[in-house]
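Chemist: Sharing target.txt, compact mmCIF, N, CA and C atoms:
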```txt
# COMPACT_ATOMS: atom_id res chain seq x y z
N MET A 1 26.10 0.13 -41.57
CA MET A 1 26.22 -0.06 -40.15
C MET A 1 24.96 0.46 -39.48
N THR A 2 24.67 -0.13 -38.37
CA THR A 2 23.39 0.18 -37.74
C THR A 2 23.46 1.33 -36.75
N GLU A 3 24.63 1.73 -36.32
CA GLU A 3 24.74 2.80 -35.34
C GLU A 3 25.73 3.86 -35.83
N ASP A 4 25.63 5.05 -35.23
CA ASP A 4 26.53 6.13 -35.60
C ASP A 4 27.88 6.03 -34.91
N ARG A 5 27.96 5.27 -33.81
CA ARG A 5 29.24 5.13 -33.10
C ARG A 5 30.23 4.35 -33.96
N PRO A 6 31.53 4.65 -33.85
CA PRO A 6 32.53 3.90 -34.61
C PRO A 6 32.50 2.43 -34.24
N LEU A 7 32.90 1.59 -35.18
CA LEU A 7 32.90 0.14 -34.96
C LEU A 7 33.70 -0.22 -33.72
N SER A 8 34.87 0.39 -33.53
CA SER A 8 35.70 0.03 -32.38
C SER A 8 34.99 0.31 -31.07
N ASP A 9 34.19 1.37 -31.00
CA ASP A 9 33.43 1.66 -29.77
C ASP A 9 32.37 0.60 -29.53
N ARG A 10 31.69 0.21 -30.59
CA ARG A 10 30.63 -0.80 -30.44
C ARG A 10 31.22 -2.15 -30.05
N LEU A 11 32.42 -2.47 -30.56
CA LEU A 11 33.02 -3.76 -30.26
C LEU A 11 33.61 -3.80 -28.86
N ASP A 12 33.82 -2.66 -28.25
CA ASP A 12 34.32 -2.62 -26.88
C ASP A 12 33.20 -2.61 -25.86
N ASP A 13 31.97 -2.65 -26.32
CA ASP A 13 30.81 -2.66 -25.44
C ASP A 13 30.78 -3.99 -24.68
N ASP A 14 30.81 -3.93 -23.36
CA ASP A 14 30.86 -5.15 -22.56
C ASP A 14 29.50 -5.81 -22.37
N ASP A 15 28.46 -5.29 -23.00
CA ASP A 15 27.14 -5.90 -22.83
C ASP A 15 27.06 -7.28 -23.47
N TYR A 16 27.89 -7.56 -24.45
CA TYR A 16 27.83 -8.83 -25.16
C TYR A 16 29.19 -9.52 -25.14
N PRO A 17 29.26 -10.73 -24.60
CA PRO A 17 30.52 -11.46 -24.67
C PRO A 17 30.80 -12.00 -26.06
N ALA A 18 29.75 -12.25 -26.85
CA ALA A 18 29.89 -12.74 -28.22
C ALA A 18 28.60 -12.45 -28.96
N TYR A 19 28.71 -12.32 -30.25
CA TYR A 19 27.57 -11.95 -31.09
C TYR A 19 27.18 -13.10 -32.01
N THR A 20 25.89 -13.22 -32.29
CA THR A 20 25.43 -14.23 -33.24
C THR A 20 25.95 -13.87 -34.62
N MET A 21 25.93 -14.85 -35.51
CA MET A 21 26.45 -14.62 -36.86
C MET A 21 25.73 -13.46 -37.53
N GLY A 22 24.41 -13.43 -37.45
CA GLY A 22 23.65 -12.35 -38.08
C GLY A 22 23.98 -10.99 -37.51
N ARG A 23 24.05 -10.90 -36.18
CA ARG A 23 24.37 -9.63 -35.53
C ARG A 23 25.81 -9.22 -35.82
N ALA A 24 26.72 -10.19 -35.81
CA ALA A 24 28.13 -9.90 -36.11
C ALA A 24 28.27 -9.34 -37.52
N ALA A 25 27.61 -9.98 -38.48
CA ALA A 25 27.68 -9.51 -39.86
C ALA A 25 27.11 -8.11 -39.98
N GLU A 26 26.00 -7.87 -39.30
CA GLU A 26 25.36 -6.54 -39.34
C GLU A 26 26.29 -5.48 -38.75
N MET A 27 26.96 -5.81 -37.65
CA MET A 27 27.83 -4.84 -36.99
C MET A 27 29.02 -4.41 -37.85
N ILE A 28 29.54 -5.33 -38.66
CA ILE A 28 30.70 -4.95 -39.47
C ILE A 28 30.30 -4.64 -40.91
N GLY A 29 29.00 -4.61 -41.17
CA GLY A 29 28.52 -4.21 -42.48
C GLY A 29 28.77 -5.22 -43.57
N THR A 30 28.58 -6.49 -43.26
CA THR A 30 28.80 -7.55 -44.24
C THR A 30 27.67 -8.56 -44.16
N THR A 31 27.88 -9.73 -44.76
CA THR A 31 26.85 -10.77 -44.76
C THR A 31 27.32 -11.97 -43.96
N PRO A 32 26.38 -12.78 -43.48
CA PRO A 32 26.78 -14.03 -42.80
C PRO A 32 27.65 -14.91 -43.71
N GLY A 33 27.41 -14.88 -45.01
CA GLY A 33 28.22 -15.67 -45.95
C GLY A 33 29.69 -15.28 -45.91
N PHE A 34 29.96 -13.98 -45.72
CA PHE A 34 31.35 -13.54 -45.64
C PHE A 34 32.00 -14.12 -44.38
N LEU A 35 31.28 -14.12 -43.27
CA LEU A 35 31.83 -14.70 -42.04
C LEU A 35 32.08 -16.20 -42.21
N ARG A 36 31.18 -16.87 -42.90
CA ARG A 36 31.38 -18.30 -43.18
C ARG A 36 32.65 -18.50 -44.02
N ALA A 37 32.85 -17.64 -45.03
CA ALA A 37 34.04 -17.74 -45.88
C ALA A 37 35.32 -17.54 -45.06
N LEU A 38 35.28 -16.64 -44.10
CA LEU A 38 36.45 -16.44 -43.24
C LEU A 38 36.72 -17.68 -42.40
N GLY A 39 35.66 -18.33 -41.95
CA GLY A 39 35.81 -19.57 -41.20
C GLY A 39 36.40 -20.67 -42.06
N GLU A 40 35.92 -20.77 -43.30
CA GLU A 40 36.44 -21.78 -44.23
C GLU A 40 37.90 -21.52 -44.57
N ALA A 41 38.29 -20.25 -44.61
CA ALA A 41 39.69 -19.90 -44.88
C ALA A 41 40.53 -19.96 -43.61
N ARG A 42 39.91 -20.36 -42.53
CA ARG A 42 40.56 -20.52 -41.21
C ARG A 42 41.11 -19.22 -40.64
N LEU A 43 40.47 -18.11 -40.97
CA LEU A 43 40.85 -16.85 -40.35
C LEU A 43 40.26 -16.76 -38.96
N ILE A 44 38.99 -17.05 -38.86
CA ILE A 44 38.34 -17.03 -37.55
C ILE A 44 37.53 -18.31 -37.38
N THR A 45 37.56 -18.85 -36.20
CA THR A 45 36.75 -20.01 -35.87
C THR A 45 35.71 -19.54 -34.86
N PRO A 46 34.44 -19.55 -35.25
CA PRO A 46 33.43 -19.03 -34.34
C PRO A 46 33.34 -19.86 -33.06
N LEU A 47 32.97 -19.17 -32.00
CA LEU A 47 32.68 -19.83 -30.74
C LEU A 47 31.34 -20.54 -30.92
N ARG A 48 31.03 -21.47 -30.07
CA ARG A 48 29.74 -22.15 -30.14
C ARG A 48 28.97 -21.89 -28.85
N SER A 49 27.70 -21.53 -28.99
CA SER A 49 26.86 -21.35 -27.82
C SER A 49 26.34 -22.71 -27.38
N GLU A 50 25.60 -22.74 -26.27
CA GLU A 50 25.07 -23.99 -25.77
C GLU A 50 24.20 -24.68 -26.81
N GLY A 51 23.49 -23.93 -27.61
CA GLY A 51 22.64 -24.50 -28.64
C GLY A 51 23.38 -24.86 -29.91
N GLY A 52 24.69 -24.65 -29.93
CA GLY A 52 25.50 -24.98 -31.10
C GLY A 52 25.55 -23.88 -32.14
N HIS A 53 24.99 -22.72 -31.84
CA HIS A 53 24.99 -21.62 -32.79
C HIS A 53 26.35 -20.93 -32.81
N ARG A 54 26.73 -20.45 -33.99
CA ARG A 54 28.00 -19.72 -34.11
C ARG A 54 27.87 -18.37 -33.42
N ARG A 55 28.92 -18.02 -32.68
CA ARG A 55 28.99 -16.71 -32.05
C ARG A 55 30.40 -16.18 -32.24
N TYR A 56 30.51 -14.86 -32.35
CA TYR A 56 31.80 -14.23 -32.64
C TYR A 56 32.16 -13.25 -31.53
N SER A 57 33.42 -13.30 -31.10
CA SER A 57 33.90 -12.38 -30.08
C SER A 57 34.19 -11.02 -30.70
N ARG A 58 34.40 -10.03 -29.86
CA ARG A 58 34.75 -8.69 -30.34
C ARG A 58 36.08 -8.73 -31.11
N TYR A 59 37.02 -9.51 -30.61
CA TYR A 59 38.30 -9.66 -31.31
C TYR A 59 38.09 -10.22 -32.71
N GLN A 60 37.28 -11.26 -32.82
CA GLN A 60 37.01 -11.86 -34.12
C GLN A 60 36.34 -10.87 -35.06
N LEU A 61 35.49 -10.01 -34.52
CA LEU A 61 34.84 -9.01 -35.37
C LEU A 61 35.84 -7.97 -35.86
N ARG A 62 36.79 -7.61 -35.04
CA ARG A 62 37.83 -6.68 -35.49
C ARG A 62 38.61 -7.29 -36.66
N ILE A 63 38.96 -8.56 -36.53
CA ILE A 63 39.69 -9.26 -37.58
C ILE A 63 38.84 -9.32 -38.86
N ALA A 64 37.57 -9.70 -38.70
CA ALA A 64 36.67 -9.82 -39.85
C ALA A 64 36.47 -8.47 -40.53
N ALA A 65 36.36 -7.40 -39.74
CA ALA A 65 36.16 -6.07 -40.32
C ALA A 65 37.38 -5.67 -41.15
N ARG A 66 38.58 -5.97 -40.66
CA ARG A 66 39.80 -5.65 -41.42
C ARG A 66 39.85 -6.47 -42.71
N ALA A 67 39.51 -7.74 -42.62
CA ALA A 67 39.50 -8.60 -43.81
C ALA A 67 38.48 -8.07 -44.82
N ARG A 68 37.33 -7.62 -44.33
CA ARG A 68 36.29 -7.08 -45.22
C ARG A 68 36.82 -5.87 -45.98
N GLU A 69 37.58 -5.00 -45.28
CA GLU A 69 38.16 -3.82 -45.94
C GLU A 69 39.06 -4.25 -47.09
N LEU A 70 39.90 -5.25 -46.85
CA LEU A 70 40.82 -5.71 -47.89
C LEU A 70 40.07 -6.33 -49.06
N VAL A 71 39.06 -7.12 -48.77
CA VAL A 71 38.27 -7.74 -49.84
C VAL A 71 37.56 -6.67 -50.66
N ASP A 72 37.04 -5.64 -49.99
CA ASP A 72 36.38 -4.54 -50.69
C ASP A 72 37.35 -3.79 -51.61
N GLN A 73 38.64 -3.84 -51.30
CA GLN A 73 39.66 -3.19 -52.12
C GLN A 73 40.16 -4.11 -53.23
N GLY A 74 39.57 -5.32 -53.33
CA GLY A 74 39.91 -6.22 -54.42
C GLY A 74 40.82 -7.38 -54.06
N THR A 75 41.17 -7.51 -52.80
CA THR A 75 42.02 -8.62 -52.36
C THR A 75 41.18 -9.89 -52.26
N PRO A 76 41.63 -11.01 -52.80
CA PRO A 76 40.89 -12.27 -52.64
C PRO A 76 40.77 -12.64 -51.16
N VAL A 77 39.70 -13.34 -50.79
CA VAL A 77 39.41 -13.66 -49.38
C VAL A 77 40.59 -14.38 -48.73
N GLU A 78 41.13 -15.40 -49.37
CA GLU A 78 42.23 -16.14 -48.74
C GLU A 78 43.45 -15.26 -48.52
N ALA A 79 43.77 -14.41 -49.48
CA ALA A 79 44.91 -13.49 -49.31
C ALA A 79 44.62 -12.48 -48.21
N ALA A 80 43.39 -11.99 -48.15
CA ALA A 80 43.01 -11.04 -47.09
C ALA A 80 43.18 -11.70 -45.73
N CYS A 81 42.80 -12.96 -45.63
CA CYS A 81 42.95 -13.69 -44.37
C CYS A 81 44.41 -13.77 -43.96
N ARG A 82 45.27 -14.11 -44.89
CA ARG A 82 46.69 -14.21 -44.58
C ARG A 82 47.26 -12.86 -44.17
N ILE A 83 46.87 -11.82 -44.87
CA ILE A 83 47.34 -10.47 -44.54
C ILE A 83 46.91 -10.07 -43.14
N VAL A 84 45.65 -10.32 -42.82
CA VAL A 84 45.14 -9.94 -41.50
C VAL A 84 45.85 -10.72 -40.40
N ILE A 85 46.07 -12.00 -40.62
CA ILE A 85 46.78 -12.81 -39.62
C ILE A 85 48.19 -12.26 -39.42
N LEU A 86 48.89 -11.95 -40.51
CA LEU A 86 50.25 -11.41 -40.40
C LEU A 86 50.26 -10.04 -39.73
N GLU A 87 49.28 -9.19 -40.07
CA GLU A 87 49.19 -7.88 -39.41
C GLU A 87 48.98 -8.05 -37.92
N ASP A 88 48.12 -8.98 -37.54
CA ASP A 88 47.84 -9.22 -36.13
C ASP A 88 49.09 -9.72 -35.41
N GLN A 89 49.82 -10.63 -36.04
CA GLN A 89 51.06 -11.13 -35.45
C GLN A 89 52.10 -10.02 -35.33
N LEU A 90 52.19 -9.16 -36.33
CA LEU A 90 53.13 -8.04 -36.29
C LEU A 90 52.78 -7.09 -35.14
N GLU A 91 51.50 -6.77 -35.00
CA GLU A 91 51.09 -5.88 -33.91
C GLU A 91 51.44 -6.48 -32.55
N GLU A 92 51.22 -7.78 -32.39
CA GLU A 92 51.55 -8.45 -31.13
C GLU A 92 53.05 -8.41 -30.89
N ALA A 93 53.84 -8.66 -31.93
CA ALA A 93 55.30 -8.61 -31.79
C ALA A 93 55.76 -7.21 -31.42
N GLN A 94 55.15 -6.19 -32.00
CA GLN A 94 55.52 -4.80 -31.68
C GLN A 94 55.16 -4.47 -30.23
N ARG A 95 54.00 -4.96 -29.76
CA ARG A 95 53.62 -4.73 -28.35
C ARG A 95 54.63 -5.39 -27.41
N LEU A 96 55.00 -6.64 -27.72
CA LEU A 96 55.98 -7.33 -26.88
C LEU A 96 57.33 -6.62 -26.90
N ASN A 97 57.75 -6.17 -28.07
CA ASN A 97 59.01 -5.46 -28.19
C ASN A 97 59.00 -4.19 -27.33
N GLU A 98 57.91 -3.45 -27.41
CA GLU A 98 57.80 -2.22 -26.60
C GLU A 98 57.85 -2.54 -25.11
N ARG A 99 57.16 -3.59 -24.72
CA ARG A 99 57.13 -3.98 -23.30
C ARG A 99 58.54 -4.34 -22.82
N TYR A 100 59.27 -5.14 -23.62
CA TYR A 100 60.62 -5.53 -23.24
C TYR A 100 61.58 -4.36 -23.26
N ARG A 101 61.45 -3.48 -24.24
CA ARG A 101 62.32 -2.30 -24.28
C ARG A 101 62.06 -1.40 -23.07
N SER A 102 60.79 -1.24 -22.74
CA SER A 102 60.44 -0.41 -21.59
C SER A 102 61.01 -1.00 -20.31
N ALA A 103 60.89 -2.32 -20.16
CA ALA A 103 61.43 -2.98 -18.98
C ALA A 103 62.95 -2.85 -18.94
N ALA A 104 63.60 -2.98 -20.08
CA ALA A 104 65.06 -2.85 -20.15
C ALA A 104 65.49 -1.43 -19.81
N ASP A 105 64.75 -0.44 -20.35
CA ASP A 105 65.09 0.96 -20.06
C ASP A 105 64.92 1.25 -18.57
N ASN A 106 63.88 0.75 -17.97
CA ASN A 106 63.65 0.98 -16.53
C ASN A 106 64.71 0.28 -15.70
N GLY A 107 65.15 -0.88 -16.16
CA GLY A 107 66.21 -1.62 -15.45
C GLY A 107 67.54 -0.94 -15.55
N ASP A 108 67.84 -0.35 -16.70
CA ASP A 108 69.11 0.34 -16.90
C ASP A 108 69.21 1.58 -16.03
N ARG A 109 68.09 2.23 -15.81
CA ARG A 109 68.10 3.47 -15.00
C ARG A 109 68.33 3.17 -13.53
N ALA A 110 67.98 1.97 -13.11
CA ALA A 110 68.09 1.63 -11.70
C ALA A 110 69.55 1.42 -11.29
N HIS A 111 70.45 1.21 -12.26
CA HIS A 111 71.85 0.92 -11.93
C HIS A 111 72.63 2.16 -11.80
```
Since I need it in another form, could you write the structure as structure tokens?

Modeler:
Amino acid sequence: MTEDRPLSDRLDDDDYPAYTMGRAAEMIGTTPGFLRALGEARLITPLRSEGGHRRYSRYQLRIAARARELVDQGTPVEAACRIVILEDQLEEAQRLNERYRSAADNGDRAH
């Protein structure tokens, strides 16, 4: 990695709406080929700039970084992609559940 700050801090930096493939790979400590493999496995679909160059959002980099961790632990790329997608869906479901439970709890107290 190129900086001492944690990856999550760098990805929350609002200076860049999206990163080029080379910069994205550098930020998560991988290669452009790995990002291409994630695209081929349909984990992430890069955004396109006006010139047609691939660019990656901060969200996509978080997903790619998690997939890279799994691949480094020996998980095949396609399986890592499926795991990351399921983890992301689970996290979203848990957030929604918490929001609805909180709303229900607040509604119950009002009665």

Chemist: Taking only region 4-102 of chain A into account, list the residues labelled strand (DSSP E) by DSSP (computed from the backbone), as a PyMOL selection string.

Modeler: chain A and resi 19-20+47-48+54-56

Chemist: How big is the axis-aligned box, and where does its centre sit, when it encloses all atoms of region 40-45 of chain A listed in the file and has 4 Å added on every side, reported in Å to one decimal as JSON?

Modeler:
```
{"center_x": 38.4, "center_y": -19.3, "center_z": -39.9, "size_x": 13.4, "size_y": 13.0, "size_z": 18.0}
```

Chemist: Restrict the calculation to all atoms listed in the file, then for each residue of region 33-67 of chain A with any atom at most 6 Å from an atom of region 73-88 of chain A give the closest atom pair and their distance in Å to one decimal, rows by chain and rising residue number, as a tab-separated table.

Modeler:
```
residue	atom	partner	partner_atom	distance
A:Ala41	CA	A:Glu78	CA	6.0
A:Leu43	CA	A:Cys81	CA	5.5
A:Ala67	CA	A:Ala80	C	5.2
```

Chemist: DSSP on the backbone, then: every residue of region 15-100 of chain A marked helix (DSSP H, G or I), written as JSON, numbers by chain.

Modeler: {"A": [21, 22, 23, 24, 25, 26, 27, 32, 33, 34, 35, 36, 37, 38, 39, 40, 58, 59, 60, 61, 62, 63, 64, 65, 66, 67, 68, 69, 70, 71, 72, 77, 78, 79, 80, 81, 82, 83, 84, 85, 86, 87, 88, 89, 90, 91, 92, 93, 94, 95, 96, 97, 98, 99, 100]}

Chemist: What is the CA of Leu70 (chain A) to CA of Arg95 (chain A) distance in Å?

Modeler: 23.4 Å

Chemist: Could you jot down the atom C of Thr20 (chain A) to CA of Ile63 (chain A) separation for me, Å, one decimal place?

Modeler: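 Value for the atom C of Thr20 (chain A)-CA of Ile63 (chain A) distance: 14.8 Å.
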
Chemist: Kindly give the distance, in Å, that separates CA of Arg68 (chain A) and atom N of Arg54 (chain A), rounded to a single decimal.

Modeler: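 Pair CA of Arg68 (chain A) / atom N of Arg54 (chain A) returns 19.9 Å.
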
Chemist: Quick one: residues within 7 Å of Ile28 (chain A), all atoms listed in the file counted, chain neighbours fewer than 5 positions away excluded, as a PDB file with N, CA and C atoms, keeping the file's coordinate frame?

Modeler:
```
ATOM      1  N   MET A   1      26.100   0.130 -41.570  1.00  0.00           N
ATOM      2  CA  MET A   1      26.220  -0.060 -40.150  1.00  0.00           C
ATOM      3  C   MET A   1      24.960   0.460 -39.480  1.00  0.00           C
ATOM      4  N   ARG A  23      24.050 -10.900 -36.180  1.00  0.00           N
ATOM      5  CA  ARG A  23      24.370  -9.630 -35.530  1.00  0.00           C
ATOM      6  C   ARG A  23      25.810  -9.220 -35.820  1.00  0.00           C
ATOM      7  N   LEU A  61      35.490 -10.010 -34.520  1.00  0.00           N
ATOM      8  CA  LEU A  61      34.840  -9.010 -35.370  1.00  0.00           C
ATOM      9  C   LEU A  61      35.840  -7.970 -35.860  1.00  0.00           C
ATOM     10  N   ALA A  64      37.570  -9.700 -38.700  1.00  0.00           N
ATOM     11  CA  ALA A  64      36.670  -9.820 -39.850  1.00  0.00           C
ATOM     12  C   ALA A  64      36.470  -8.470 -40.530  1.00  0.00           C
ATOM     13  N   ALA A  65      36.360  -7.400 -39.740  1.00  0.00           N
ATOM     14  CA  ALA A  65      36.160  -6.070 -40.320  1.00  0.00           C
ATOM     15  C   ALA A  65      37.380  -5.670 -41.150  1.00  0.00           C
TER      16      ALA A  65
END
```

Chemist: Choose the residue, out of A:Ala93, A:Ala37, A:Ala24, A:Val71, that has the smallest atom-to-atom separation from Arg55 (chain A); count only C-alpha atoms.

Modeler: A:Ala24
